[in-house]
file structure_17.cif (mmCIF, C-alpha atoms)
data_run
#
loop_
_atom_site.label_atom_id
_atom_site.label_comp_id
_atom_site.auth_asym_id
_atom_site.auth_seq_id
_atom_site.Cartn_x
_atom_site.Cartn_y
_atom_site.Cartn_z
CA MET A 1 18.23 -12.62 -13.60
CA LYS A 2 22.03 -12.61 -13.50
CA ASN A 3 23.54 -16.04 -14.25
CA ILE A 4 24.89 -17.75 -11.15
CA PRO A 5 26.52 -21.17 -10.66
CA ILE A 6 23.78 -23.77 -10.31
CA GLY A 7 25.37 -25.11 -7.15
CA ILE A 8 25.25 -21.68 -5.48
CA GLY A 9 21.62 -21.28 -6.52
CA ILE A 10 20.70 -24.68 -5.08
CA LEU A 11 22.57 -23.90 -1.84
CA GLN A 12 20.82 -20.53 -1.55
CA VAL A 13 17.36 -22.04 -2.00
CA ALA A 14 18.19 -24.92 0.35
CA LEU A 15 19.27 -22.51 3.10
CA ALA A 16 16.10 -20.45 2.56
CA VAL A 17 13.99 -23.58 3.03
CA ILE A 18 15.91 -25.28 5.85
CA VAL A 19 16.99 -22.42 8.14
CA PRO A 20 13.41 -21.24 8.91
CA ILE A 21 12.40 -24.82 9.70
CA ALA A 22 15.35 -25.17 12.07
CA THR A 23 14.50 -21.80 13.66
CA LEU A 24 10.88 -22.80 14.27
CA TRP A 25 12.05 -26.12 15.73
CA ALA A 26 14.48 -24.34 18.05
CA GLU A 27 11.86 -21.77 19.07
CA LYS A 28 9.75 -24.51 20.63
CA ARG A 29 12.66 -25.74 22.71
CA TRP A 30 14.78 -22.76 23.78
CA LYS A 31 13.57 -19.60 25.44
CA ILE A 32 16.50 -17.58 24.08
CA ILE A 33 15.26 -18.18 20.53
CA ARG A 34 11.79 -16.91 21.49
CA THR A 35 13.36 -13.91 23.23
CA ILE A 36 15.45 -12.89 20.22
CA SER A 37 12.56 -13.89 17.89
CA PRO A 38 12.73 -16.15 14.82
CA VAL A 39 12.17 -13.11 12.58
CA ALA A 40 15.30 -11.33 13.86
CA LEU A 41 17.37 -14.52 13.71
CA CYS A 42 16.42 -15.30 10.10
CA TYR A 43 16.96 -11.72 9.02
CA GLY A 44 20.33 -11.55 10.81
CA PHE A 45 21.47 -14.85 9.29
CA GLY A 46 20.41 -13.58 5.85
CA MET A 47 22.49 -10.41 6.35
CA PHE A 48 25.44 -12.60 7.31
CA LEU A 49 25.06 -14.66 4.14
CA GLY A 50 24.79 -11.55 2.00
CA ASN A 51 27.94 -9.94 3.42
CA GLN A 52 30.26 -12.81 4.44
CA GLY A 53 32.52 -12.46 1.37
CA LEU A 54 33.37 -16.15 0.85
CA ILE A 55 30.38 -17.19 -1.24
CA GLU A 56 28.61 -14.66 -3.47
CA PHE A 57 24.90 -15.33 -3.26
CA SER A 58 22.52 -13.99 -5.90
CA ARG A 59 20.57 -10.88 -4.85
CA SER A 60 18.36 -11.20 -7.93
CA LEU A 61 17.41 -14.77 -6.95
CA ALA A 62 16.75 -13.54 -3.41
CA LEU A 63 14.40 -10.83 -4.68
CA THR A 64 12.53 -13.41 -6.77
CA VAL A 65 12.08 -15.64 -3.71
CA CYS A 66 10.96 -12.57 -1.72
CA ALA A 67 8.20 -11.83 -4.20
CA LEU A 68 7.02 -15.46 -4.21
CA THR A 69 6.98 -15.89 -0.43
CA VAL A 70 5.12 -12.62 0.14
CA ALA A 71 2.49 -13.62 -2.43
CA LEU A 72 1.99 -16.95 -0.64
CA ALA A 73 2.07 -15.51 2.89
CA ILE A 74 -0.60 -12.83 2.41
CA PRO A 75 -3.55 -15.22 1.81
CA LEU A 76 -2.37 -17.67 4.47
CA LEU A 77 -2.27 -14.92 7.09
CA LEU A 78 -5.60 -13.41 6.05
CA PHE A 79 -7.66 -16.63 5.85
CA SER A 80 -8.20 -16.78 9.61
CA VAL A 81 -8.78 -13.04 10.12
CA ASN A 82 -12.32 -12.04 11.03
CA ILE A 83 -12.82 -8.97 8.84
CA ILE A 84 -16.11 -8.06 10.54
CA ALA A 85 -14.31 -7.89 13.87
CA TRP A 86 -11.53 -5.86 12.22
CA LEU A 87 -13.99 -3.12 11.26
CA ARG A 88 -14.13 -2.01 14.89
CA LEU A 89 -10.43 -1.11 14.53
CA ALA A 90 -10.77 0.67 11.17
CA GLY A 91 -11.26 4.21 12.52
CA ARG A 92 -8.34 3.98 14.92
CA THR A 93 -6.15 2.42 12.21
CA LEU A 94 -6.89 5.13 9.65
CA LEU A 95 -6.24 7.82 12.27
CA ALA A 96 -2.86 6.29 13.10
CA PHE A 97 -1.92 5.99 9.42
CA SER A 98 -2.94 9.61 8.81
CA PHE A 99 -0.46 10.54 11.55
CA CYS A 100 2.19 8.64 9.60
CA ILE A 101 1.40 10.59 6.41
CA ILE A 102 1.35 13.95 8.22
CA SER A 103 4.65 13.17 9.97
CA VAL A 104 6.44 12.31 6.72
CA LEU A 105 5.17 15.42 4.93
CA VAL A 106 6.21 17.69 7.80
CA VAL A 107 9.71 16.28 8.28
CA ALA A 108 10.40 15.98 4.52
CA THR A 109 9.59 19.69 4.21
CA ALA A 110 11.81 20.48 7.18
CA ALA A 111 14.65 18.38 5.73
CA HIS A 112 14.52 20.39 2.50
CA PHE A 113 15.07 23.67 4.35
CA ILE A 114 17.73 22.23 6.68
CA PHE A 115 19.83 20.60 3.95
CA ARG A 116 19.15 22.82 0.92
CA ASN A 117 22.59 24.41 1.12
CA GLN A 118 24.17 20.95 0.88
CA SER A 119 22.49 19.84 -2.37
CA ALA A 120 20.64 21.39 -5.29
CA GLU A 121 18.07 18.57 -5.32
CA THR A 122 16.72 18.58 -1.78
CA ALA A 123 13.19 19.36 -3.00
CA LYS A 124 13.31 16.31 -5.25
CA MET A 125 14.84 14.25 -2.46
CA ALA A 126 12.03 15.31 -0.12
CA GLY A 127 9.42 14.28 -2.67
CA MET A 128 11.08 10.94 -3.40
CA LEU A 129 11.42 10.02 0.27
CA THR A 130 7.83 11.12 0.86
CA GLY A 131 6.92 8.55 -1.77
CA VAL A 132 8.89 5.68 -0.25
CA TYR A 133 7.87 6.37 3.37
CA ILE A 134 4.16 6.68 2.59
CA GLY A 135 4.07 4.12 -0.20
CA GLY A 136 7.05 2.03 -1.23
CA THR A 137 10.20 1.83 -3.35
CA PRO A 138 8.21 1.80 -6.63
CA ASN A 139 6.70 5.17 -5.60
CA MET A 140 10.14 6.65 -4.95
CA ASN A 141 11.33 5.48 -8.35
CA ALA A 142 8.23 6.84 -10.09
CA ILE A 143 8.49 10.23 -8.35
CA GLY A 144 12.20 10.46 -9.18
CA LEU A 145 11.43 9.98 -12.87
CA ALA A 146 8.48 12.40 -12.73
CA VAL A 147 10.48 15.25 -11.16
CA GLY A 148 13.66 14.66 -13.17
CA ALA A 149 15.98 13.65 -10.34
CA SER A 150 19.57 12.95 -11.33
CA SER A 151 20.88 9.40 -11.51
CA GLU A 152 23.24 10.13 -8.59
CA THR A 153 20.34 11.27 -6.39
CA PHE A 154 18.37 8.18 -7.37
CA ILE A 155 21.20 5.75 -6.54
CA MET A 156 22.30 7.44 -3.33
CA LEU A 157 18.79 7.79 -1.92
CA ASN A 158 18.13 4.10 -2.56
CA THR A 159 21.34 3.24 -0.73
CA ALA A 160 20.60 5.58 2.19
CA ASP A 161 17.03 4.25 2.43
CA LEU A 162 18.34 0.69 2.56
CA ILE A 163 20.67 1.48 5.45
CA VAL A 164 18.30 3.62 7.53
CA SER A 165 15.04 1.75 7.00
CA PHE A 166 16.50 -1.67 7.72
CA SER A 167 17.97 -0.36 10.96
CA TYR A 168 14.44 0.67 11.93
CA PHE A 169 13.11 -2.73 10.82
CA LEU A 170 15.52 -4.50 13.16
CA PHE A 171 14.24 -2.31 15.99
CA LEU A 172 10.62 -3.12 15.09
CA ILE A 173 11.10 -6.88 15.21
CA THR A 174 13.20 -6.89 18.39
CA ALA A 175 12.58 -4.07 20.86
CA ALA A 176 9.69 -1.93 19.55
CA GLY A 177 6.92 -3.89 21.24
CA LYS A 178 8.44 -3.62 24.71
CA THR A 179 9.64 -0.02 24.20
CA PHE A 180 6.32 1.44 23.02
CA GLY A 181 4.38 -0.70 25.46
CA TYR A 182 5.54 1.62 28.23
CA PHE A 183 3.55 4.62 26.97
CA LEU A 184 0.98 3.30 24.46
CA PRO A 185 -2.23 1.48 25.47
CA ARG A 186 -2.63 -2.27 25.15
CA PHE A 187 -4.18 -3.62 21.94
CA PRO A 188 -7.95 -4.16 22.42
CA TYR A 189 -8.20 -7.88 21.76
CA PRO A 190 -11.73 -9.26 21.30
CA ASP A 191 -13.35 -10.44 24.54
CA GLY A 192 -10.34 -9.30 26.54
CA ALA A 193 -8.09 -12.00 25.07
CA GLY A 194 -4.42 -11.35 24.49
CA PRO A 195 -1.36 -12.75 22.75
CA SER A 196 -0.53 -16.34 23.48
CA GLU A 197 1.39 -16.90 26.68
CA LYS A 198 3.15 -19.74 24.90
CA GLY A 199 6.20 -18.92 22.82
CA ASP A 200 4.24 -18.90 19.57
CA ALA A 201 1.05 -16.90 19.20
CA TRP A 202 0.53 -18.49 15.80
CA ASP A 203 0.05 -21.99 17.21
CA ASP A 204 -2.75 -24.18 15.93
CA ASP A 205 -5.98 -23.81 17.93
CA GLN A 206 -5.72 -27.46 18.95
CA GLY A 207 -2.23 -26.92 20.35
CA ARG A 208 -0.32 -29.18 17.95
CA MET A 209 1.24 -28.93 14.52
CA PRO A 210 -1.19 -30.04 11.79
CA SER A 211 -0.06 -32.71 9.37
CA PHE A 212 0.79 -31.88 5.77
CA LEU A 213 -2.46 -33.46 4.58
CA GLN A 214 -4.42 -31.22 6.98
CA MET A 215 -2.58 -28.15 5.66
CA LEU A 216 -2.96 -29.11 2.00
CA PRO A 217 -6.44 -27.54 1.44
CA GLY A 218 -5.23 -24.15 2.71
CA LEU A 219 -2.09 -24.34 0.60
CA ALA A 220 -4.09 -25.33 -2.50
CA LEU A 221 -6.47 -22.38 -2.05
CA THR A 222 -3.49 -20.07 -1.61
CA VAL A 223 -1.82 -21.29 -4.80
CA ALA A 224 -5.08 -20.79 -6.70
CA ILE A 225 -5.39 -17.21 -5.42
CA VAL A 226 -1.77 -16.38 -6.27
CA PHE A 227 -2.28 -17.87 -9.75
CA CYS A 228 -5.26 -15.55 -10.30
CA GLY A 229 -3.16 -12.59 -9.19
CA LEU A 230 -0.38 -13.49 -11.62
CA VAL A 231 -2.82 -13.94 -14.51
CA LEU A 232 -4.45 -10.54 -13.94
CA LYS A 233 -1.04 -8.95 -13.40
CA ASN A 234 -0.07 -9.74 -16.96
CA THR A 235 -3.16 -8.05 -18.41
CA VAL A 236 -2.14 -4.50 -17.39
CA PRO A 237 0.77 -2.18 -18.31
CA GLU A 238 4.06 -3.11 -16.67
CA LYS A 239 4.22 -0.18 -14.23
CA GLY A 240 0.93 -1.23 -12.60
CA ARG A 241 1.48 -4.96 -12.45
CA ASP A 242 2.74 -5.25 -8.87
CA MET A 243 -0.18 -3.18 -7.59
CA VAL A 244 -2.71 -5.31 -9.49
CA ALA A 245 -1.16 -8.53 -8.19
CA ILE A 246 -1.18 -7.35 -4.57
CA LEU A 247 -4.74 -6.03 -4.79
CA THR A 248 -6.01 -9.21 -6.45
CA ILE A 249 -4.33 -11.56 -3.97
CA THR A 250 -5.41 -9.51 -0.97
CA SER A 251 -8.99 -9.09 -2.20
CA LEU A 252 -9.49 -12.78 -2.96
CA ALA A 253 -8.00 -13.73 0.41
CA VAL A 254 -10.30 -11.29 2.22
CA ILE A 255 -13.35 -12.60 0.34
CA SER A 256 -12.34 -16.15 1.22
CA SER A 257 -12.03 -15.26 4.91
CA PHE A 258 -15.78 -14.52 5.08
CA PHE A 259 -16.46 -18.26 4.70
CA PRO A 260 -16.33 -20.10 8.05
CA LYS A 261 -14.84 -23.21 6.43
CA VAL A 262 -11.93 -21.16 5.13
CA ARG A 263 -11.31 -19.56 8.53
CA ALA A 264 -11.30 -23.07 10.01
CA LEU A 265 -8.62 -24.39 7.64
CA ARG A 266 -5.82 -26.04 9.59
CA GLY A 267 -2.24 -24.80 9.49
CA THR A 268 -2.67 -21.58 7.52
CA GLN A 269 -1.01 -19.46 10.20
CA GLN A 270 1.91 -21.85 10.54
CA MET A 271 2.49 -21.92 6.78
CA GLY A 272 2.19 -18.13 6.60
CA GLN A 273 4.72 -17.79 9.41
CA TYR A 274 7.10 -20.15 7.63
CA PHE A 275 6.96 -18.21 4.35
CA LEU A 276 7.55 -14.97 6.26
CA LEU A 277 10.70 -16.40 7.82
CA ILE A 278 11.93 -17.36 4.35
CA PHE A 279 11.22 -13.77 3.28
CA CYS A 280 13.21 -12.39 6.22
CA LEU A 281 16.20 -14.58 5.44
CA VAL A 282 16.33 -13.83 1.71
CA ILE A 283 15.69 -10.08 2.12
CA GLY A 284 18.66 -10.10 4.48
CA ILE A 285 20.79 -11.55 1.67
CA THR A 286 20.00 -8.50 -0.48
CA THR A 287 21.58 -6.07 1.99
CA ASP A 288 25.04 -4.77 1.07
CA LEU A 289 26.70 -3.20 4.10
CA SER A 290 29.70 -2.10 2.03
CA LYS A 291 27.50 0.60 0.48
CA LEU A 292 27.39 2.28 3.87
CA PHE A 293 30.99 3.36 3.38
CA HIS A 294 30.54 4.63 -0.17
CA SER A 295 27.35 6.71 0.08
CA SER A 296 27.36 10.48 0.50
CA LEU A 297 26.77 11.60 4.08
CA VAL A 298 24.32 14.27 2.87
CA TYR A 299 21.96 11.62 1.49
CA LEU A 300 22.42 9.45 4.57
CA PHE A 301 21.74 12.26 7.07
CA PHE A 302 18.83 13.58 5.00
CA THR A 303 17.19 10.15 5.05
CA LEU A 304 18.02 9.51 8.70
CA PHE A 305 16.47 12.85 9.70
CA ILE A 306 13.21 12.05 7.89
CA VAL A 307 12.87 8.54 9.33
CA ALA A 308 13.95 9.31 12.91
CA THR A 309 12.01 12.55 13.26
CA GLY A 310 8.97 11.28 11.35
CA VAL A 311 8.74 8.13 13.46
CA THR A 312 9.08 10.18 16.65
CA ILE A 313 6.25 12.51 15.64
CA HIS A 314 4.06 9.56 14.59
CA TYR A 315 4.36 7.74 17.92
CA THR A 316 3.95 10.98 19.86
CA LEU A 317 0.66 11.70 18.08
CA CYS A 318 -0.46 8.11 18.66
CA ALA A 319 0.27 8.51 22.38
CA LEU A 320 -1.64 11.80 22.57
CA PHE A 321 -4.69 10.26 20.89
CA ARG A 322 -4.39 6.98 22.88
CA ILE A 323 -3.79 4.77 19.85
CA ASP A 324 -2.82 1.28 21.02
CA ARG A 325 0.73 0.01 20.69
CA ASP A 326 0.19 -2.62 17.99
CA THR A 327 -1.86 -0.35 15.73
CA ALA A 328 0.75 2.41 16.03
CA ILE A 329 3.57 0.01 15.15
CA ILE A 330 1.81 -1.69 12.24
CA THR A 331 0.75 1.60 10.62
CA SER A 332 4.32 2.86 10.90
CA THR A 333 5.45 -0.39 9.29
CA ALA A 334 2.92 0.05 6.48
CA GLY A 335 4.22 3.54 5.76
CA ILE A 336 7.96 3.04 6.06
CA PHE A 337 8.12 -0.45 4.52
CA SER A 338 4.80 -1.34 2.78
CA VAL A 339 3.10 -4.73 2.32
CA PRO A 340 5.95 -7.31 2.49
CA PHE A 341 7.06 -6.29 6.00
CA VAL A 342 3.62 -6.19 7.64
CA GLY A 343 3.56 -9.92 8.36
CA PRO A 344 6.99 -10.19 10.03
CA VAL A 345 6.28 -7.23 12.31
CA ALA A 346 2.83 -8.58 13.23
CA MET A 347 4.46 -11.93 13.95
CA SER A 348 7.07 -10.32 16.21
CA LEU A 349 4.18 -8.67 18.14
CA ARG A 350 2.37 -12.04 18.29
CA ASN A 351 -0.78 -10.39 16.96
CA LYS A 352 -2.40 -11.71 13.78
CA GLU A 353 -5.36 -9.34 14.23
CA ILE A 354 -3.35 -6.41 12.84
CA VAL A 355 -2.20 -8.07 9.59
CA PHE A 356 -5.17 -6.86 7.56
CA SER A 357 -4.88 -3.36 9.05
CA GLY A 358 -1.25 -3.14 7.98
CA ILE A 359 -1.87 -4.42 4.46
CA ALA A 360 -4.86 -2.09 3.99
CA CYS A 361 -2.84 0.95 5.06
CA ALA A 362 0.11 -0.05 2.89
CA LEU A 363 -2.15 -0.29 -0.16
CA VAL A 364 -3.62 3.13 0.60
CA GLY A 365 -0.05 4.42 0.86
CA TYR A 366 0.82 2.99 -2.55
CA ALA A 367 -2.20 4.77 -4.01
CA VAL A 368 -1.56 8.27 -2.62
CA ALA A 369 2.24 8.43 -2.36
CA ASN A 370 2.94 9.45 -5.96
CA TYR A 371 0.52 12.37 -5.75
CA LEU A 372 1.84 13.60 -2.41
CA GLY A 373 5.50 13.25 -3.39
CA ILE A 374 5.14 15.08 -6.70
CA ILE A 375 2.98 17.84 -5.19
CA LEU A 376 5.46 18.35 -2.34
CA THR A 377 8.37 18.59 -4.78
CA TRP A 378 6.46 21.13 -6.85
CA ILE A 379 5.65 23.27 -3.77
CA LEU A 380 9.22 23.20 -2.41
CA SER A 381 10.69 23.98 -5.83
#
call {"tool": "encode", "arguments": {"input": "structure_17.cif", "output": "structure tokens"}}
result
Amino acid sequence: MKNIPIGIGILQVALAVIVPIATLWAEKRWKIIRTISPVALCYGFGMFLGNQGLIEFSRSLALTVCALTVALAIPLLLFSVNIIAWLRLAGRTLLAFSFCIISVLVVATAAHFIFRNQSAETAKMAGMLTGVYIGGTPNMNAIGLAVGASSETFIMLNTADLIVSFSYFLFLITAAGKTFGYFLPRFPYPDGAGPSEKGDAWDDDQGRMPSFLQMLPGLALTVAIVFCGLVLKNTVPEKGRDMVAILTITSLAVISSFFPKVRALRGTQQMGQYFLLIFCLVIGITTDLSKLFHSSLVYLFFTLFIVATGVTIHYTLCALFRIDRDTAIITSTAGIFSVPFVGPVAMSLRNKEIVFSGIACALVGYAVANYLGIILTWILS
């Protein structure tokens, strides 16, 4: 991690801890905060901090905090999920995610033929973006190395992906729910229930904030699960460590959720929500808007074409096959962004039932993206 002044580091961590608390406090009191959504506010404030120019915050520290908060949030969000009830959604979820995969493959192929006169590496670019929009950034990096992409292509595609994908993320956490609700069916909540009519669908079942002592058992179990993930992570080669950690943490959290006492733990949703807001703020700090003005337009338009057209095809197929709104959105999130962004999008939809669906699809994406990206590059070449 790059050395930074200790005072700046302390300020950065303090803001990451305090701002989400203040946002949650304000959400309970002002409708405008609920309308904009705490997720969008924290992300927007993080972008402001990362680009304001007066104080240089550490992006490496932000990425470290991102990794920690995601690891803590996953178990907390999954503890209260009824996996048996989720199985009734599995077929519809897999169908929607298959639409995401098909859409990316089709538009990446089309992008190669449309832009091939603009760059000699459009086949490699298509394969790399197939990797990131079915799996994640590690897949794009791995595919780029496997197909011998130039360092310029690697850097510019990362920059273009940052700009385009985060624009889509802002849409997901602000207007996607209302927009797609006009033409996609309502999510089939168990027993005809729906999202909370109160401002916060992640409220405690008893309608009040649990005390710290009541939340301590859930937090302790979460820390134990994350510790197991970190231990196992260090027993495998470096390139597979993140995958092992995510799989371990998710698997142990899912196993724990089968126990009624774990599902009844107080405050797990609130703590998970809090860690997700920290994630949104610090990931915002990592954005560098100045790169928008230094990246090649070919890379930017190539990436924009794949995301915009692929997303359009995905939601069109979901509408034709009557996939519900929340499942369509969370599977798109799993493909375009992967595991860390599933929670914030589910929170913006006020639907904790789709968290496991999103994580499961994202893990499948991680597993198949390298194969699909490399094969596509080979075919187009």
call {"tool": "closest_residue", "arguments": {"input": "structure_17.cif", "among": "A:Ile163, A:Ala334, A:Ile285, A:Ile374", "to": "Phe48 in chain A", "atoms": "all atoms listed in the file"}}
result
A:Ile285
call {"tool": "atom_distance", "arguments": {"input": "structure_17.cif", "atom1": "CA of Gly365 in chain A", "atom2": "CA of Ser338 in chain A"}}
result
7.8 Å
call {"tool": "residues_around", "arguments": {"input": "structure_17.cif", "residues": "range 211-217 of chain A", "least_positions_apart": "3", "cutoff": "6 Å", "atoms": "only C-alpha atoms", "output": "list in words"}}
result
Ala220, Arg266 and Gly267 of chain A
call {"tool": "resolve_selection", "arguments": {"input": "structure_17.cif", "expression": "the PyMOL selection byres ((chain A and resi 339) around 8)", "output": "PDB file with C-alpha atoms, in the frame of the given file"}}
result
ATOM      1  CA  ALA A 334       2.920   0.050   6.480  1.00  0.00           C
ATOM      2  CA  PHE A 337       8.120  -0.450   4.520  1.00  0.00           C
ATOM      3  CA  SER A 338       4.800  -1.340   2.780  1.00  0.00           C
ATOM      4  CA  PRO A 340       5.950  -7.310   2.490  1.00  0.00           C
ATOM      5  CA  PHE A 341       7.060  -6.290   6.000  1.00  0.00           C
ATOM      6  CA  VAL A 342       3.620  -6.190   7.640  1.00  0.00           C
ATOM      7  CA  GLY A 343       3.560  -9.920   8.360  1.00  0.00           C
ATOM      8  CA  GLY A 358      -1.250  -3.140   7.980  1.00  0.00           C
ATOM      9  CA  ILE A 359      -1.870  -4.420   4.460  1.00  0.00           C
ATOM     10  CA  ALA A 362       0.110  -0.050   2.890  1.00  0.00           C
ATOM     11  CA  LEU A 363      -2.150  -0.290  -0.160  1.00  0.00           C
TER      12      LEU A 363
END
call {"tool": "residues_near_point", "arguments": {"input": "structure_17.cif", "point": "(11.9, 7.9, -4.2)", "cutoff": "8 Å", "atoms": "all atoms listed in the file", "output": "ChimeraX atom specification"}}
result
/A:125,127-132,137-144,154,157-158
call {"tool": "residues_around", "arguments": {"input": "structure_17.cif", "residues": "Ser98 in chain A", "least_positions_apart": "6", "cutoff": "12 Å", "atoms": "all atoms listed in the file", "output": "list of chain:residue names"}}
result
A:Gly91, A:Arg92, A:Val104, A:Leu105, A:Ile134, A:Ile313, A:His314, A:Tyr315, A:Leu317, A:Cys318, A:Ala328, A:Thr331, A:Ser332, A:Ala334, A:Gly335, A:Cys361, A:Ala362, A:Val364, A:Gly365, A:Val368
call {"tool": "residues_around", "arguments": {"input": "structure_17.cif", "residues": "Tyr168 in chain A", "least_positions_apart": "3", "cutoff": "10 Å", "atoms": "only C-alpha atoms", "output": "PyMOL selection string"}}
result
chain A and resi 163-165+171-173+176+307-308+311+333+336-337
call {"tool": "write_last_selection", "arguments": {"input": "structure_17.cif", "atoms": "C-alpha atoms", "output": "short mmCIF file (atom, residue, chain, number, x, y, z; two decimals), keeping the file's coordinate frame"}}
result
data_model
loop_
_atom_site.label_atom_id
_atom_site.label_comp_id
_atom_site.auth_asym_id
_atom_site.auth_seq_id
_atom_site.Cartn_x
_atom_site.Cartn_y
_atom_site.Cartn_z
CA ILE A 163 20.67 1.48 5.45
CA VAL A 164 18.30 3.62 7.53
CA SER A 165 15.04 1.75 7.00
CA PHE A 171 14.24 -2.31 15.99
CA LEU A 172 10.62 -3.12 15.09
CA ILE A 173 11.10 -6.88 15.21
CA ALA A 176 9.69 -1.93 19.55
CA VAL A 307 12.87 8.54 9.33
CA ALA A 308 13.95 9.31 12.91
CA VAL A 311 8.74 8.13 13.46
CA THR A 333 5.45 -0.39 9.29
CA ILE A 336 7.96 3.04 6.06
CA PHE A 337 8.12 -0.45 4.52
#
call {"tool": "atom_distance", "arguments": {"input": "structure_17.cif", "atom1": "CA of Ser37 in chain A", "atom2": "CA of Lys352 in chain A"}}
result
15.7 Å
call {"tool": "residues_near_point", "arguments": {"input": "structure_17.cif", "point": "(16.9, -7.1, 17.4)", "cutoff": "12 Å", "atoms": "only C-alpha atoms", "output": "PyMOL selection string"}}
result
chain A and resi 33-44+166-178+345+348
call {"tool": "resolve_selection", "arguments": {"input": "structure_17.cif", "expression": "the PyMOL selection byres ((chain A and resi 226) around 12)", "output": "NGL selection string"}}
result
:A and (67-76 or 219-225 or 227-233 or 244-253)
call {"tool": "closest_residue", "arguments": {"input": "structure_17.cif", "among": "A:Phe57, A:Trp25, A:Tyr366, A:Trp378", "to": "Tyr133 in chain A", "atoms": "all atoms listed in the file"}}
result
A:Tyr366
call {"tool": "residues_around", "arguments": {"input": "structure_17.cif", "residues": "Gly284 in chain A", "least_positions_apart": "4", "cutoff": "10 Å", "atoms": "all atoms listed in the file", "output": "JSON, numbers by chain"}}
result
{"A": [42, 43, 44, 45, 46, 47, 48, 49, 50, 51, 59, 62, 166, 278, 279, 280, 288]}
call {"tool": "closest_residue", "arguments": {"input": "structure_17.cif", "among": "A:Thr159, A:Ser103, A:Ala96, A:Ser58", "to": "Leu289 in chain A", "atoms": "all atoms listed in the file"}}
result
A:Thr159
call {"tool": "atom_distance", "arguments": {"input": "structure_17.cif", "atom1": "CA of Ser381 in chain A", "atom2": "CA of Glu121 in chain A"}}
result
9.2 Å
call {"tool": "axis_aligned_box", "arguments": {"input": "structure_17.cif", "around": "range 339-342 of chain A", "padding_each_side": "4 Å", "output": "JSON"}}
result
{"center_x": 5.1, "center_y": -6.0, "center_z": 5.0, "size_x": 12.0, "size_y": 10.6, "size_z": 13.3}
call {"tool": "resolve_selection", "arguments": {"input": "structure_17.cif", "expression": "the PyMOL selection byres ((chain A and resi 5) around 12)", "output": "compact mmCIF listing (two decimals) with C-alpha atoms, in the coordinates of the input"}}
result
# COMPACT_ATOMS: atom_id res chain seq x y z
CA LYS A 2 22.03 -12.61 -13.50
CA ASN A 3 23.54 -16.04 -14.25
CA ILE A 4 24.89 -17.75 -11.15
CA ILE A 6 23.78 -23.77 -10.31
CA GLY A 7 25.37 -25.11 -7.15
CA ILE A 8 25.25 -21.68 -5.48
CA GLY A 9 21.62 -21.28 -6.52
CA ILE A 10 20.70 -24.68 -5.08
CA LEU A 11 22.57 -23.90 -1.84
CA GLN A 12 20.82 -20.53 -1.55
CA ILE A 55 30.38 -17.19 -1.24
CA GLU A 56 28.61 -14.66 -3.47
CA PHE A 57 24.90 -15.33 -3.26
CA SER A 58 22.52 -13.99 -5.90
CA LEU A 61 17.41 -14.77 -6.95
call {"tool": "residues_around", "arguments": {"input": "structure_17.cif", "residues": "Thr122 in chain A", "least_positions_apart": "4", "cutoff": "9 Å", "atoms": "only C-alpha atoms", "output": "MDAnalysis selection string"}}
result
chainID A and resid 111:113 115:118 126:127 302 377 380
call {"tool": "closest_residue", "arguments": {"input": "structure_17.cif", "among": "A:Ala16, A:Ala123, A:Ile375, A:Leu63", "to": "Thr109 in chain A", "atoms": "all atoms listed in the file"}}
result
A:Ala123
call {"tool": "closest_residue", "arguments": {"input": "structure_17.cif", "among": "A:Ala26, A:Leu78, A:Val17, A:Val282", "to": "Ser256 in chain A", "atoms": "only C-alpha atoms"}}
result
A:Leu78
